[in-house]
file input-v8.cif (mmCIF, C-alpha atoms and all ligand atoms)
data_work
#
loop_
_atom_site.label_atom_id
_atom_site.label_comp_id
_atom_site.auth_asym_id
_atom_site.auth_seq_id
_atom_site.Cartn_x
_atom_site.Cartn_y
_atom_site.Cartn_z
CA MET L 1 -0.37 20.42 14.76
CA PRO L 2 0.40 17.44 12.53
CA GLN L 3 2.52 14.57 13.70
CA GLN L 4 6.27 14.79 13.54
CA LYS L 5 8.15 13.53 10.56
CA PRO L 6 9.88 10.18 10.99
CA ARG L 7 12.84 10.57 13.29
CA SER L 8 14.50 7.61 11.65
CA ASP L 9 14.81 9.49 8.35
CA ALA L 10 18.25 10.98 8.93
CA GLN L 11 19.69 7.73 10.22
CA ARG L 12 18.45 5.77 7.25
CA SER L 13 18.99 8.12 4.37
CA THR L 14 22.40 6.70 3.35
CA PRO L 15 21.97 4.80 0.08
CA ARG L 16 22.68 1.11 0.51
CA SER L 17 24.02 -1.44 -1.92
CA ALA L 18 21.67 -3.00 -4.44
CA PRO L 19 19.35 -5.69 -3.08
CA ARG L 20 21.02 -9.08 -3.16
CA GLU L 21 18.23 -11.54 -3.78
CA GLY L 22 17.90 -12.96 -7.27
CA VAL L 23 14.28 -11.93 -7.54
CA ASP L 24 15.25 -8.29 -7.08
CA GLU L 25 16.65 -7.70 -10.53
CA GLY L 26 13.77 -5.35 -11.20
CA VAL L 27 14.24 -3.32 -8.02
CA ASP L 28 16.58 -0.34 -8.51
CA ARG L 29 19.01 1.19 -6.02
CA THR L 30 17.05 4.31 -5.20
CA HIS L 31 14.92 2.77 -2.48
CA ARG L 32 15.35 3.57 1.18
CA VAL L 33 16.08 0.14 2.61
CA ILE L 34 14.21 -0.50 5.85
CA ARG L 35 15.47 -4.07 6.26
CA ASP L 36 17.87 -6.09 4.10
CA VAL L 37 16.66 -9.66 4.68
CA PRO L 38 13.97 -10.19 3.74
CA LEU L 39 14.11 -7.03 1.68
CA ASN L 40 11.78 -4.26 2.84
CA ALA L 41 12.38 -1.00 1.01
CA GLU L 42 10.34 2.14 0.45
CA ALA L 43 10.08 4.48 -2.50
CA ARG L 44 11.97 7.77 -2.34
CA PRO L 45 9.73 10.86 -2.32
CA ASP L 46 10.66 11.79 -5.91
CA ALA L 47 9.49 8.36 -7.08
CA LEU L 48 5.99 9.36 -5.96
CA ALA L 49 5.78 12.46 -8.18
CA SER L 50 4.36 10.65 -11.21
CA PRO L 51 0.79 9.31 -11.45
CA ILE L 52 2.10 5.79 -12.13
CA THR L 53 5.02 4.68 -10.02
CA ARG L 54 7.81 3.09 -12.03
CA THR L 55 8.01 -0.63 -11.24
CA GLU L 56 11.68 -0.58 -10.27
CA ARG L 57 11.02 2.27 -7.83
CA PHE L 58 7.88 0.71 -6.32
CA PHE L 59 8.14 -0.20 -2.62
CA VAL L 60 8.89 -3.77 -1.58
CA ARG L 61 7.37 -5.34 1.50
CA ARG L 62 8.07 -8.95 2.45
CA ASN L 63 7.40 -11.06 5.49
CA PHE L 64 9.55 -13.95 4.24
CA ALA L 65 12.22 -14.65 1.64
CA PRO L 66 10.62 -14.53 -1.81
CA PRO L 67 10.04 -17.83 -3.62
CA GLU L 68 11.39 -18.32 -7.12
CA LEU L 69 8.59 -19.66 -9.28
CA GLY L 70 8.86 -20.71 -12.90
CA ALA L 71 6.32 -18.99 -15.11
CA GLU L 72 6.17 -22.13 -17.30
CA THR L 73 5.52 -24.59 -14.49
CA HIS L 74 3.67 -22.51 -11.90
CA HIS L 75 0.12 -23.58 -11.08
CA ILE L 76 -2.62 -22.34 -8.81
CA LEU L 77 -4.71 -24.93 -7.04
CA VAL L 78 -8.35 -23.96 -6.34
CA ALA L 79 -9.96 -26.16 -3.68
CA GLY L 80 -12.08 -26.19 -0.51
CA ALA L 81 -15.86 -25.66 -0.68
CA VAL L 82 -16.03 -25.87 -4.49
CA ASP L 83 -17.83 -28.20 -6.90
CA ARG L 84 -14.58 -29.18 -8.61
CA LYS L 85 -10.95 -28.70 -7.73
CA VAL L 86 -9.12 -26.81 -10.44
CA ARG L 87 -5.43 -26.64 -11.23
CA LEU L 88 -4.57 -23.66 -13.40
CA GLY L 89 -1.31 -22.82 -15.16
CA LEU L 90 -0.74 -19.28 -16.36
CA GLY L 91 -2.12 -20.03 -19.84
CA ALA L 92 -5.32 -21.49 -18.43
CA LEU L 93 -5.61 -18.52 -16.07
CA ARG L 94 -5.25 -16.05 -18.92
CA SER L 95 -7.95 -17.80 -20.92
CA LEU L 96 -10.52 -17.06 -18.17
CA GLY L 97 -10.68 -13.34 -18.95
CA ALA L 98 -8.75 -10.11 -18.94
CA HIS L 99 -9.20 -7.06 -16.74
CA GLY L 100 -7.00 -4.10 -15.88
CA VAL L 101 -7.08 -2.01 -12.71
CA THR L 102 -5.05 1.11 -11.98
CA MET L 103 -4.65 0.99 -8.25
CA THR L 104 -2.77 2.69 -5.46
CA LEU L 105 -1.25 0.10 -3.14
CA GLU L 106 -0.44 1.33 0.35
CA CYS L 107 1.06 -0.79 3.12
CA ALA L 108 -0.96 -0.64 6.33
CA GLY L 109 2.32 0.21 8.07
CA ASN L 110 3.06 3.22 5.85
CA ASP L 111 4.08 6.19 8.04
CA ARG L 112 4.40 3.97 11.09
CA ALA L 113 7.69 5.74 11.88
CA SER L 114 5.87 8.94 12.81
CA MET L 115 3.64 7.28 15.40
CA VAL L 116 4.62 8.06 18.99
CA PRO L 117 5.68 5.92 20.75
CA LEU L 118 7.11 3.96 17.81
CA PRO L 119 5.05 0.76 17.44
CA ALA L 120 6.53 -2.65 16.65
CA GLY L 121 7.06 -3.43 12.95
CA GLU L 122 9.06 -2.09 10.03
CA PRO L 123 9.58 1.65 10.63
CA TRP L 124 8.21 2.84 7.30
CA GLY L 125 8.36 6.54 6.47
CA GLY L 126 5.87 7.66 3.85
CA GLY L 127 7.19 5.61 0.93
CA ALA L 128 5.35 2.32 1.41
CA ILE L 129 2.91 3.36 -1.30
CA GLY L 130 2.73 3.44 -5.08
CA THR L 131 0.31 3.33 -7.98
CA ALA L 132 0.55 0.80 -10.79
CA GLU L 133 -1.43 -0.48 -13.74
CA TRP L 134 -2.24 -4.06 -12.83
CA ALA L 135 -3.76 -6.48 -15.31
CA GLY L 136 -4.86 -10.08 -15.11
CA VAL L 137 -7.93 -12.21 -14.51
CA PRO L 138 -10.85 -11.34 -12.24
CA LEU L 139 -10.71 -13.65 -9.21
CA ALA L 140 -14.47 -14.14 -9.74
CA ARG L 141 -13.79 -15.92 -13.09
CA VAL L 142 -11.45 -18.37 -11.35
CA LEU L 143 -13.95 -19.01 -8.57
CA GLU L 144 -16.72 -19.55 -11.12
CA ALA L 145 -14.55 -22.11 -12.93
CA ALA L 146 -14.35 -24.11 -9.69
CA GLY L 147 -17.97 -23.48 -8.68
CA VAL L 148 -17.99 -22.00 -5.18
CA ARG L 149 -20.56 -23.80 -3.02
CA PRO L 150 -23.25 -21.73 -1.24
CA ALA L 151 -21.77 -22.62 2.16
CA ALA L 152 -18.55 -20.70 1.41
CA ILE L 153 -18.13 -17.43 3.31
CA GLU L 154 -14.50 -16.51 2.69
CA ILE L 155 -11.84 -17.06 0.04
CA LEU L 156 -8.37 -17.88 1.32
CA VAL L 157 -5.45 -16.91 -0.90
CA GLU L 158 -2.08 -18.46 -0.15
CA GLY L 159 1.38 -17.30 -1.24
CA ALA L 160 4.24 -19.65 -2.09
CA ASP L 161 6.54 -17.84 0.38
CA ARG L 162 6.77 -19.34 3.84
CA GLY L 163 8.60 -19.07 7.11
CA ALA L 164 8.18 -19.12 10.87
CA PRO L 165 6.70 -15.88 12.19
CA PRO L 166 8.55 -14.26 15.11
CA GLY L 167 8.15 -16.35 18.26
CA SER L 168 7.09 -19.48 16.39
CA ALA L 169 9.00 -22.57 15.25
CA VAL L 170 6.42 -23.59 12.67
CA ALA L 171 6.75 -22.46 9.06
CA ILE L 172 3.55 -21.14 7.50
CA PRO L 173 2.80 -19.52 4.16
CA PHE L 174 1.77 -15.89 3.83
CA ALA L 175 -1.99 -16.36 3.56
CA ARG L 176 -5.00 -14.08 3.84
CA SER L 177 -8.73 -14.49 3.40
CA LEU L 178 -11.28 -12.13 1.87
CA PRO L 179 -15.02 -12.03 2.49
CA LEU L 180 -16.80 -13.67 -0.45
CA ASP L 181 -18.26 -10.41 -1.79
CA LYS L 182 -14.85 -8.71 -1.89
CA ALA L 183 -13.34 -11.77 -3.58
CA MET L 184 -16.11 -11.65 -6.22
CA HIS L 185 -15.75 -7.90 -6.83
CA ALA L 186 -15.16 -7.12 -10.52
CA ASP L 187 -11.92 -5.25 -9.76
CA THR L 188 -10.37 -7.88 -7.50
CA ILE L 189 -7.92 -9.55 -9.87
CA LEU L 190 -5.18 -12.11 -10.05
CA ALA L 191 -2.59 -9.85 -11.67
CA LEU L 192 -0.21 -11.24 -14.27
CA GLU L 193 1.10 -7.85 -15.39
CA MET L 194 2.38 -4.71 -13.71
CA ASN L 195 2.77 -1.50 -15.74
CA GLY L 196 2.45 -3.31 -19.04
CA VAL L 197 4.95 -6.13 -18.57
CA PRO L 198 4.72 -9.59 -16.98
CA LEU L 199 4.58 -9.21 -13.21
CA PRO L 200 8.21 -9.27 -12.02
CA PRO L 201 9.12 -11.98 -9.47
CA GLY L 202 10.17 -9.26 -7.02
CA TYR L 203 6.59 -7.96 -6.87
CA GLY L 204 4.84 -11.31 -6.58
CA GLY L 205 5.26 -12.71 -10.09
CA PRO L 206 4.15 -14.65 -11.91
CA VAL L 207 0.78 -14.03 -10.22
CA ARG L 208 -0.48 -11.95 -7.31
CA LEU L 209 -3.78 -10.83 -5.96
CA ILE L 210 -4.79 -7.16 -6.26
CA VAL L 211 -7.56 -6.02 -3.91
CA PRO L 212 -8.71 -2.45 -4.62
CA GLY L 213 -9.52 -0.30 -1.63
CA TRP L 214 -7.78 -2.51 0.92
CA TYR L 215 -4.37 -2.04 2.46
CA GLY L 216 -1.49 -3.94 0.87
CA MET L 217 -1.55 -7.06 3.05
CA ALA L 218 -4.68 -8.24 1.20
CA SER L 219 -2.87 -8.25 -2.14
CA VAL L 220 -1.17 -11.64 -1.68
CA LYS L 221 1.92 -12.12 -3.86
CA TRP L 222 3.21 -15.35 -5.45
CA VAL L 223 -0.28 -16.92 -5.32
CA SER L 224 -0.12 -20.73 -5.24
CA GLY L 225 -3.43 -21.76 -3.67
CA ILE L 226 -7.01 -20.56 -3.37
CA ARG L 227 -9.52 -22.16 -0.98
CA ALA L 228 -13.21 -21.52 -0.44
CA LEU L 229 -13.80 -21.61 3.33
CA THR L 230 -16.99 -22.28 5.27
CA GLU L 231 -15.47 -20.93 8.53
CA PRO L 232 -13.56 -17.67 9.10
CA PHE L 233 -9.82 -18.05 8.51
CA GLN L 234 -7.81 -17.90 11.75
CA GLY L 235 -4.25 -17.80 10.38
CA HIS L 236 -1.41 -15.73 11.77
CA PHE L 237 -1.61 -12.98 9.14
CA GLN L 238 -5.38 -12.75 9.64
CA ARG L 239 -5.69 -12.80 13.43
CA GLU L 240 -2.33 -11.92 14.96
CA ARG L 241 -1.21 -9.36 12.41
CA TYR L 242 -3.11 -6.68 10.48
CA MET L 243 -5.40 -5.99 13.43
CA TYR L 244 -5.94 -2.54 14.93
CA GLU L 245 -5.06 -3.15 18.57
CA GLU L 246 -5.79 0.09 20.37
CA PRO L 247 -5.35 0.24 24.14
CA ASP L 248 -8.53 -0.77 26.00
CA ARG L 249 -10.47 -1.55 22.83
CA ALA L 250 -11.41 -4.77 21.11
CA ALA L 251 -9.11 -5.58 18.20
CA VAL L 252 -10.49 -4.78 14.74
CA PRO L 253 -9.19 -6.26 11.44
CA VAL L 254 -7.34 -3.89 9.11
CA THR L 255 -9.24 -3.74 5.82
CA THR L 256 -9.96 -0.59 3.79
CA VAL L 257 -7.44 2.18 3.21
CA ARG L 258 -8.07 5.27 5.33
CA VAL L 259 -8.41 8.64 3.60
CA LYS L 260 -5.00 10.27 3.18
CA SER L 261 -2.95 12.66 1.06
CA LEU L 262 0.61 13.66 0.36
CA ILE L 263 2.54 16.57 -1.11
CA HIS L 264 5.10 15.45 -3.68
CA SER L 265 6.16 18.85 -4.96
CA PRO L 266 7.96 20.74 -3.55
CA SER L 267 9.64 18.08 -1.47
CA GLU L 268 11.17 18.16 1.98
CA GLY L 269 13.90 20.75 2.39
CA ASP L 270 13.53 22.15 -1.14
CA PRO L 271 14.79 25.74 -1.39
CA ILE L 272 12.20 27.82 -3.25
CA ARG L 273 11.88 31.38 -4.46
CA ALA L 274 9.29 33.78 -3.08
CA GLY L 275 6.34 34.28 -5.42
CA THR L 276 3.73 31.81 -6.57
CA VAL L 277 4.60 28.19 -5.97
CA ARG L 278 2.45 25.41 -7.44
CA VAL L 279 2.21 22.80 -4.68
CA ARG L 280 1.15 19.37 -5.96
CA GLY L 281 0.18 16.08 -4.41
CA TRP L 282 -2.09 13.06 -4.31
CA ALA L 283 -5.11 12.07 -2.25
CA TRP L 284 -6.70 8.64 -1.90
CA SER L 285 -9.19 6.63 0.15
CA GLY L 286 -10.43 3.05 0.15
CA GLU L 287 -13.72 4.14 1.65
CA GLY L 288 -15.02 6.51 -0.97
CA GLU L 289 -13.87 8.90 -3.64
CA ILE L 290 -11.87 12.00 -2.84
CA ALA L 291 -14.33 14.84 -2.26
CA ARG L 292 -12.00 17.61 -1.11
CA VAL L 293 -8.34 18.41 -0.53
CA GLU L 294 -7.23 21.32 1.61
CA PHE L 295 -3.83 22.95 1.83
CA SER L 296 -2.10 24.77 4.67
CA ALA L 297 1.18 26.69 4.52
CA ASP L 298 1.40 27.31 8.27
CA GLY L 299 1.54 23.81 9.71
CA GLY L 300 -2.22 23.33 9.80
CA GLU L 301 -3.49 26.57 11.37
CA ARG L 302 -5.31 27.95 8.34
CA TRP L 303 -6.58 25.95 5.39
CA GLY L 304 -7.61 26.71 1.81
CA ASP L 305 -9.20 24.50 -0.83
CA ALA L 306 -6.84 22.87 -3.29
CA HIS L 307 -7.84 22.17 -6.92
CA PRO L 308 -8.51 18.50 -7.54
CA LEU L 309 -7.49 17.00 -10.90
CA ASP L 310 -9.47 14.34 -12.74
CA GLN L 311 -9.42 10.91 -11.22
CA PRO L 312 -8.50 8.38 -13.94
CA SER L 313 -9.40 5.36 -11.82
CA PRO L 314 -11.63 5.07 -8.74
CA HIS L 315 -8.88 2.96 -7.14
CA ALA L 316 -5.94 5.24 -7.87
CA TRP L 317 -4.85 8.37 -6.08
CA ARG L 318 -6.29 11.65 -7.25
CA GLY L 319 -4.00 14.55 -8.14
CA TRP L 320 -4.45 18.07 -6.74
CA PHE L 321 -2.62 21.38 -6.74
CA TYR L 322 -2.62 24.67 -4.86
CA ASP L 323 -1.06 27.91 -6.05
CA TRP L 324 0.63 29.19 -2.94
CA ASN L 325 1.62 32.85 -2.81
CA VAL L 326 4.56 33.28 -0.53
CA GLU L 327 6.49 36.48 0.19
CA GLU L 328 7.96 35.70 3.57
CA VAL L 329 11.44 34.15 3.48
CA GLY L 330 12.31 31.39 5.92
CA CYS L 331 10.91 27.94 6.71
CA HIS L 332 7.31 27.06 6.00
CA THR L 333 5.45 23.90 6.97
CA LEU L 334 3.15 22.71 4.19
CA CYS L 335 0.32 20.28 4.90
CA SER L 336 -2.54 18.72 2.96
CA ARG L 337 -5.77 17.25 4.27
CA ALA L 338 -8.14 15.04 2.27
CA THR L 339 -11.85 14.32 2.76
CA ASP L 340 -13.65 11.44 1.04
CA THR L 341 -17.25 11.09 -0.14
CA ALA L 342 -18.03 8.96 2.93
CA GLY L 343 -17.23 12.02 5.06
CA ASN L 344 -13.90 10.75 6.42
CA VAL L 345 -11.31 13.49 7.01
CA GLN L 346 -7.61 13.04 7.67
CA PRO L 347 -6.98 13.57 11.38
CA ASP L 348 -4.13 15.58 12.91
CA ARG L 349 -3.18 12.43 14.77
CA ALA L 350 -4.27 8.88 13.96
CA PRO L 351 -5.26 6.61 16.83
CA TRP L 352 -2.17 4.82 18.15
CA ASN L 353 -2.33 1.04 17.88
CA HIS L 354 0.07 -1.71 18.89
CA HIS L 355 1.30 -2.54 15.37
CA GLY L 356 1.13 1.01 14.06
CA TYR L 357 -1.32 0.43 11.20
CA GLY L 358 -3.42 2.94 9.33
CA ASN L 359 -1.49 6.12 10.12
CA ASN L 360 -3.38 8.58 7.92
CA ALA L 361 -2.55 11.68 9.95
CA VAL L 362 -1.95 14.95 8.11
CA ARG L 363 1.67 14.98 6.98
CA ALA L 364 4.00 17.94 6.75
CA VAL L 365 6.66 19.02 4.27
CA THR L 366 9.03 21.79 5.33
CA VAL L 367 10.42 24.09 2.66
CA ARG L 368 12.77 27.06 2.79
CA VAL L 369 11.81 30.24 0.94
CA ARG L 370 14.65 32.53 -0.17
N1 LIG L 401 2.97 -13.73 -0.41
C1 LIG L 401 3.06 -12.53 0.17
N2 LIG L 401 2.21 -11.56 -0.22
C2 LIG L 401 2.25 -10.34 0.33
C3 LIG L 401 3.16 -10.05 1.39
C4 LIG L 401 4.06 -11.08 1.79
O1 LIG L 401 4.90 -10.91 2.67
N3 LIG L 401 3.97 -12.30 1.14
N4 LIG L 401 3.16 -8.79 1.96
C5 LIG L 401 1.92 -8.03 1.82
C6 LIG L 401 2.04 -6.66 2.25
S1 LIG L 401 2.01 -6.38 3.91
C7 LIG L 401 2.08 -5.61 1.34
S2 LIG L 401 2.05 -4.00 1.85
C8 LIG L 401 2.14 -5.85 -0.12
C9 LIG L 401 3.35 -5.16 -0.72
O2 LIG L 401 3.44 -5.38 -2.10
P1 LIG L 401 4.77 -4.97 -2.90
O3 LIG L 401 5.95 -5.63 -2.23
O4 LIG L 401 4.57 -5.41 -4.30
O5 LIG L 401 4.90 -3.47 -2.79
O6 LIG L 401 2.21 -7.24 -0.42
C10 LIG L 401 1.39 -8.06 0.40
N5 LIG L 401 1.40 -9.40 -0.12
MO MO L 402 1.92 -4.09 4.28
#

call {"tool": "encode", "arguments": {"input": "input-v8.cif", "output": "C-alpha cells"}}
result
Amino acid sequence: MPQQKPRSDAQRSTPRSAPREGVDEGVDRTHRVIRDVPLNAEARPDALASPITRTERFFVRRNFAPPELGAETHHILVAGAVDRKVRLGLGALRSLGAHGVTMTLECAGNDRASMVPLPAGEPWGGGAIGTAEWAGVPLARVLEAAGVRPAAIEILVEGADRGAPPGSAVAIPFARSLPLDKAMHADTILALEMNGVPLPPGYGGPVRLIVPGWYGMASVKWVSGIRALTEPFQGHFQRERYMYEEPDRAAVPVTTVRVKSLIHSPSEGDPIRAGTVRVRGWAWSGEGEIARVEFSADGGERWGDAHPLDQPSPHAWRGWFYDWNVEEVGCHTLCSRATDTAGNVQPDRAPWNHHGYGNNAVRAVTVRVR
C-alpha cells in the first residue's frame, strides 16, 4: 500500500495573500504557502499538468531572505585553485557561450509531509517540483576562463543570500560544492534565463546554477562566487543539511534525484464518469532514463503498463498515459510507479531519514466515479 497523502493538506489549503517580498513580483497567488518568511511555497497540482511549468507558478524554496541584486552591477568572482582570478559581469558571462537545458527541478524535501513520523523541515506536499527551460553559460566555460588547477577536486558555488542557520549565531551564505566532473558536465549551466525571459530575481536572478540530475539544493541561486577547492567543502549546507541520515546508518550526501512519478490528470478528488478515462502523468529520474511506467487503479494491488510519451530532454520529466476502463462507481485509488534504465523502481515506502529527503514512494490520487 502506498504511503498516505500529506495530512497537512487540509490545514494548509486556504489561499494566502500574495507574497510580500519585493523579489516576488513574478510569483503568483496560486501557490500553497508552506512558510511566509522566508517564502517557501509549492506549486498547486494543476500547475504541474503542463510539460513546462509556468514561471509564476513554479515552486519557491528559500533558506534565507532573498538578496536584491542589480543586473547591471552584479558580478561573479571566480577564485581558489585557479590560474587567474576572474570577475565576470553578466555581459562577460554571456560572451563565454550559450547553452539551454530543459530540466525538472525537484526539491529533496518534496513529499516530506507524507513521511511517517513527520521529519524536521518544511512539510512539502508534492508540489516542490517543476520543469523549466533554463538557458545560460556552461559552468565549464567559466572554469576554463579561470584555468582550474589540477589539484582542484570540487567547485564551490556561493549564493548572495545569507543568514544564521537554526541554532547558530553566525551568518553564512547558501553555498554548495560539486565534484569537478559534475561541475564540468556540458549541461551544468549558470542560467541567465528561465522559460525564455531573464531569470527573475525570485528564482535566483540574475544568475543561478542549474545542475541536471541532482536534487534542487545543488542549483544554487543568486550566484556571487565560485571557488575551486583542493579539499572537500565542509559547509553547513554540505555536511549538516542535505544528508540522508537513516537510523543506525552512516550519513550519505543527497545528490541525484531518485526515480519517481506523478499523476496530474485526473487530480485528487475529481469526480469522473464511468467509461474510459485517460490518466496522465510524468515520470523522472536523475539516475537514468525512464524505462517503464506502471499504473494501478486499486491502490497498488494490480499493475498495468502505461504508455510512455517521447522524452524531449534527458533531464526533463517524461509524459505517460493509461486508458483506464472503469465501470464501478465509488472511490478509486490511482497510483503510478516508474522504473529507470539503471533498474531503480519506485518503492511503496521510501526509507525514513532524519530530514525527510528523497521521498520517492509511489503516490496515490483518489478519484470518485459516478
Ligand atoms: N542561494 C540559494 N540557492 C538555493 C537555495 C537557497 O536557499 N539559496 N535553495 C535550494 C533548494 S533547497 C532548492 S529545492 C532550489 C529551489 O529553487 P526554486 O526556488 O527556484 O524553485 O534552490 C536551491 N538553491
Ligand atoms: Mo530543496

call {"tool": "residues_near_ligand", "arguments": {"input": "input-v8.cif", "ligand": "ligand LIG 401 (chain L)", "cutoff": "7 Å", "atoms": "all atoms listed in the file", "output": "list in words"}}
result
Phe58, Phe59, Val60, Arg61, Arg62, Asn63, Phe64, Glu106, Cys107, Ala108, Glu158, Gly159, Ala160, Asp161, Phe174, Ala175, Tyr203, Gly204, Tyr215, Gly216, Met217, Ala218, Ser219, Val220, Lys221, Trp222 and Val223 of chain L

call {"tool": "write_last_selection", "arguments": {"input": "input-v8.cif", "atoms": "C-alpha atoms", "output": "PDB file, in the coordinates of the input"}}
result
ATOM      1  CA  PHE L  58       7.880   0.710  -6.320  1.00  0.00           C
ATOM      2  CA  PHE L  59       8.140  -0.200  -2.620  1.00  0.00           C
ATOM      3  CA  VAL L  60       8.890  -3.770  -1.580  1.00  0.00           C
ATOM      4  CA  ARG L  61       7.370  -5.340   1.500  1.00  0.00           C
ATOM      5  CA  ARG L  62       8.070  -8.950   2.450  1.00  0.00           C
ATOM      6  CA  ASN L  63       7.400 -11.060   5.490  1.00  0.00           C
ATOM      7  CA  PHE L  64       9.550 -13.950   4.240  1.00  0.00           C
ATOM      8  CA  GLU L 106      -0.440   1.330   0.350  1.00  0.00           C
ATOM      9  CA  CYS L 107       1.060  -0.790   3.120  1.00  0.00           C
ATOM     10  CA  ALA L 108      -0.960  -0.640   6.330  1.00  0.00           C
ATOM     11  CA  GLU L 158      -2.080 -18.460  -0.150  1.00  0.00           C
ATOM     12  CA  GLY L 159       1.380 -17.300  -1.240  1.00  0.00           C
ATOM     13  CA  ALA L 160       4.240 -19.650  -2.090  1.00  0.00           C
ATOM     14  CA  ASP L 161       6.540 -17.840   0.380  1.00  0.00           C
ATOM     15  CA  PHE L 174       1.770 -15.890   3.830  1.00  0.00           C
ATOM     16  CA  ALA L 175      -1.990 -16.360   3.560  1.00  0.00           C
ATOM     17  CA  TYR L 203       6.590  -7.960  -6.870  1.00  0.00           C
ATOM     18  CA  GLY L 204       4.840 -11.310  -6.580  1.00  0.00           C
ATOM     19  CA  TYR L 215      -4.370  -2.040   2.460  1.00  0.00           C
ATOM     20  CA  GLY L 216      -1.490  -3.940   0.870  1.00  0.00           C
ATOM     21  CA  MET L 217      -1.550  -7.060   3.050  1.00  0.00           C
ATOM     22  CA  ALA L 218      -4.680  -8.240   1.200  1.00  0.00           C
ATOM     23  CA  SER L 219      -2.870  -8.250  -2.140  1.00  0.00           C
ATOM     24  CA  VAL L 220      -1.170 -11.640  -1.680  1.00  0.00           C
ATOM     25  CA  LYS L 221       1.920 -12.120  -3.860  1.00  0.00           C
ATOM     26  CA  TRP L 222       3.210 -15.350  -5.450  1.00  0.00           C
ATOM     27  CA  VAL L 223      -0.280 -16.920  -5.320  1.00  0.00           C
TER      28      VAL L 223
END

call {"tool": "closest_residue", "arguments": {"input": "input-v8.cif", "among": "L:Thr255, L:Ser50, L:Asn195, L:Thr341", "to": "ligand MO 402 (chain L)", "atoms": "all atoms listed in the file"}}
result
L:Thr255

call {"tool": "closest_residue", "arguments": {"input": "input-v8.cif", "among": "L:Gly163, L:Thr30, L:Asn360, L:Glu133", "to": "Asp46 in chain L", "atoms": "only C-alpha atoms"}}
result
L:Thr30

call {"tool": "closest_residue", "arguments": {"input": "input-v8.cif", "among": "L:Gln238, L:Pro200, L:Pro232, L:Trp317", "to": "Leu48 in chain L", "atoms": "only C-alpha atoms"}}
result
L:Trp317

call {"tool": "closest_atom_pairs", "arguments": {"input": "input-v8.cif", "of": "range 201-273 of chain L", "to": "range 110-127 of chain L", "cutoff": "12 Å", "atoms": "all atoms listed in the file", "output": "Markdown table"}}
result
| residue | atom | partner | partner_atom | distance |
| --- | --- | --- | --- | --- |
| L:Tyr215 | CA | L:Asn110 | CA | 9.7 |
| L:Gly216 | CA | L:Asn110 | CA | 9.8 |
| L:Met217 | CA | L:Asn110 | CA | 11.6 |
| L:Arg241 | CA | L:Gly121 | CA | 10.2 |
| L:Tyr242 | CA | L:Gly121 | CA | 11.0 |
| L:Tyr244 | CA | L:Pro119 | CA | 11.7 |
| L:Glu245 | CA | L:Pro119 | CA | 10.9 |
| L:Glu246 | CA | L:Pro119 | CA | 11.2 |
| L:Val257 | CA | L:Asn110 | CA | 10.9 |
| L:Arg258 | CA | L:Asn110 | CA | 11.3 |
| L:Lys260 | CA | L:Asn110 | CA | 11.0 |
| L:Ser261 | CA | L:Gly126 | CA | 10.5 |
| L:Leu262 | CA | L:Gly126 | CA | 8.7 |
| L:Ile263 | CA | L:Gly126 | CA | 10.7 |
| L:His264 | CA | L:Gly126 | CA | 10.9 |
| L:Glu268 | CA | L:Gly126 | CA | 11.9 |

call {"tool": "write_last_selection", "arguments": {"input": "input-v8.cif", "atoms": "C-alpha atoms", "output": "PDB file, keeping the file's coordinate frame"}}
result
ATOM      1  CA  TYR L 215      -4.370  -2.040   2.460  1.00  0.00           C
ATOM      2  CA  GLY L 216      -1.490  -3.940   0.870  1.00  0.00           C
ATOM      3  CA  MET L 217      -1.550  -7.060   3.050  1.00  0.00           C
ATOM      4  CA  ARG L 241      -1.210  -9.360  12.410  1.00  0.00           C
ATOM      5  CA  TYR L 242      -3.110  -6.680  10.480  1.00  0.00           C
ATOM      6  CA  TYR L 244      -5.940  -2.540  14.930  1.00  0.00           C
ATOM      7  CA  GLU L 245      -5.060  -3.150  18.570  1.00  0.00           C
ATOM      8  CA  GLU L 246      -5.790   0.090  20.370  1.00  0.00           C
ATOM      9  CA  VAL L 257      -7.440   2.180   3.210  1.00  0.00           C
ATOM     10  CA  ARG L 258      -8.070   5.270   5.330  1.00  0.00           C
ATOM     11  CA  LYS L 260      -5.000  10.270   3.180  1.00  0.00           C
ATOM     12  CA  SER L 261      -2.950  12.660   1.060  1.00  0.00           C
ATOM     13  CA  LEU L 262       0.610  13.660   0.360  1.00  0.00           C
ATOM     14  CA  ILE L 263       2.540  16.570  -1.110  1.00  0.00           C
ATOM     15  CA  HIS L 264       5.100  15.450  -3.680  1.00  0.00           C
ATOM     16  CA  GLU L 268      11.170  18.160   1.980  1.00  0.00           C
TER      17      GLU L 268
END

call {"tool": "decode", "arguments": {"input": "input-v8.cif", "residues": "range 229-236 of chain L", "atoms": "N, CA and C atoms", "output": "compact mmCIF listing (two decimals), in the first residue's frame"}}
result
# COMPACT_ATOMS: atom_id res chain seq x y z
N LEU L 229 38.24 24.19 -5.17
CA LEU L 229 38.73 23.71 -3.86
C LEU L 229 39.64 22.50 -4.03
N THR L 230 40.66 22.44 -3.17
CA THR L 230 41.55 21.28 -3.19
C THR L 230 41.22 20.31 -2.04
N GLU L 231 40.26 20.72 -1.18
CA GLU L 231 39.78 19.86 -0.09
C GLU L 231 38.25 19.82 -0.18
N PRO L 232 37.62 18.73 0.29
CA PRO L 232 36.15 18.69 0.26
C PRO L 232 35.54 19.82 1.09
N PHE L 233 34.51 20.44 0.57
CA PHE L 233 33.81 21.52 1.27
C PHE L 233 33.07 20.95 2.48
N GLN L 234 33.18 21.66 3.61
CA GLN L 234 32.57 21.16 4.86
C GLN L 234 31.47 22.08 5.37
N GLY L 235 30.94 22.95 4.53
CA GLY L 235 29.95 23.94 4.98
C GLY L 235 28.65 23.31 5.47
N HIS L 236 27.88 24.15 6.15
CA HIS L 236 26.60 23.73 6.74
C HIS L 236 25.69 23.03 5.75
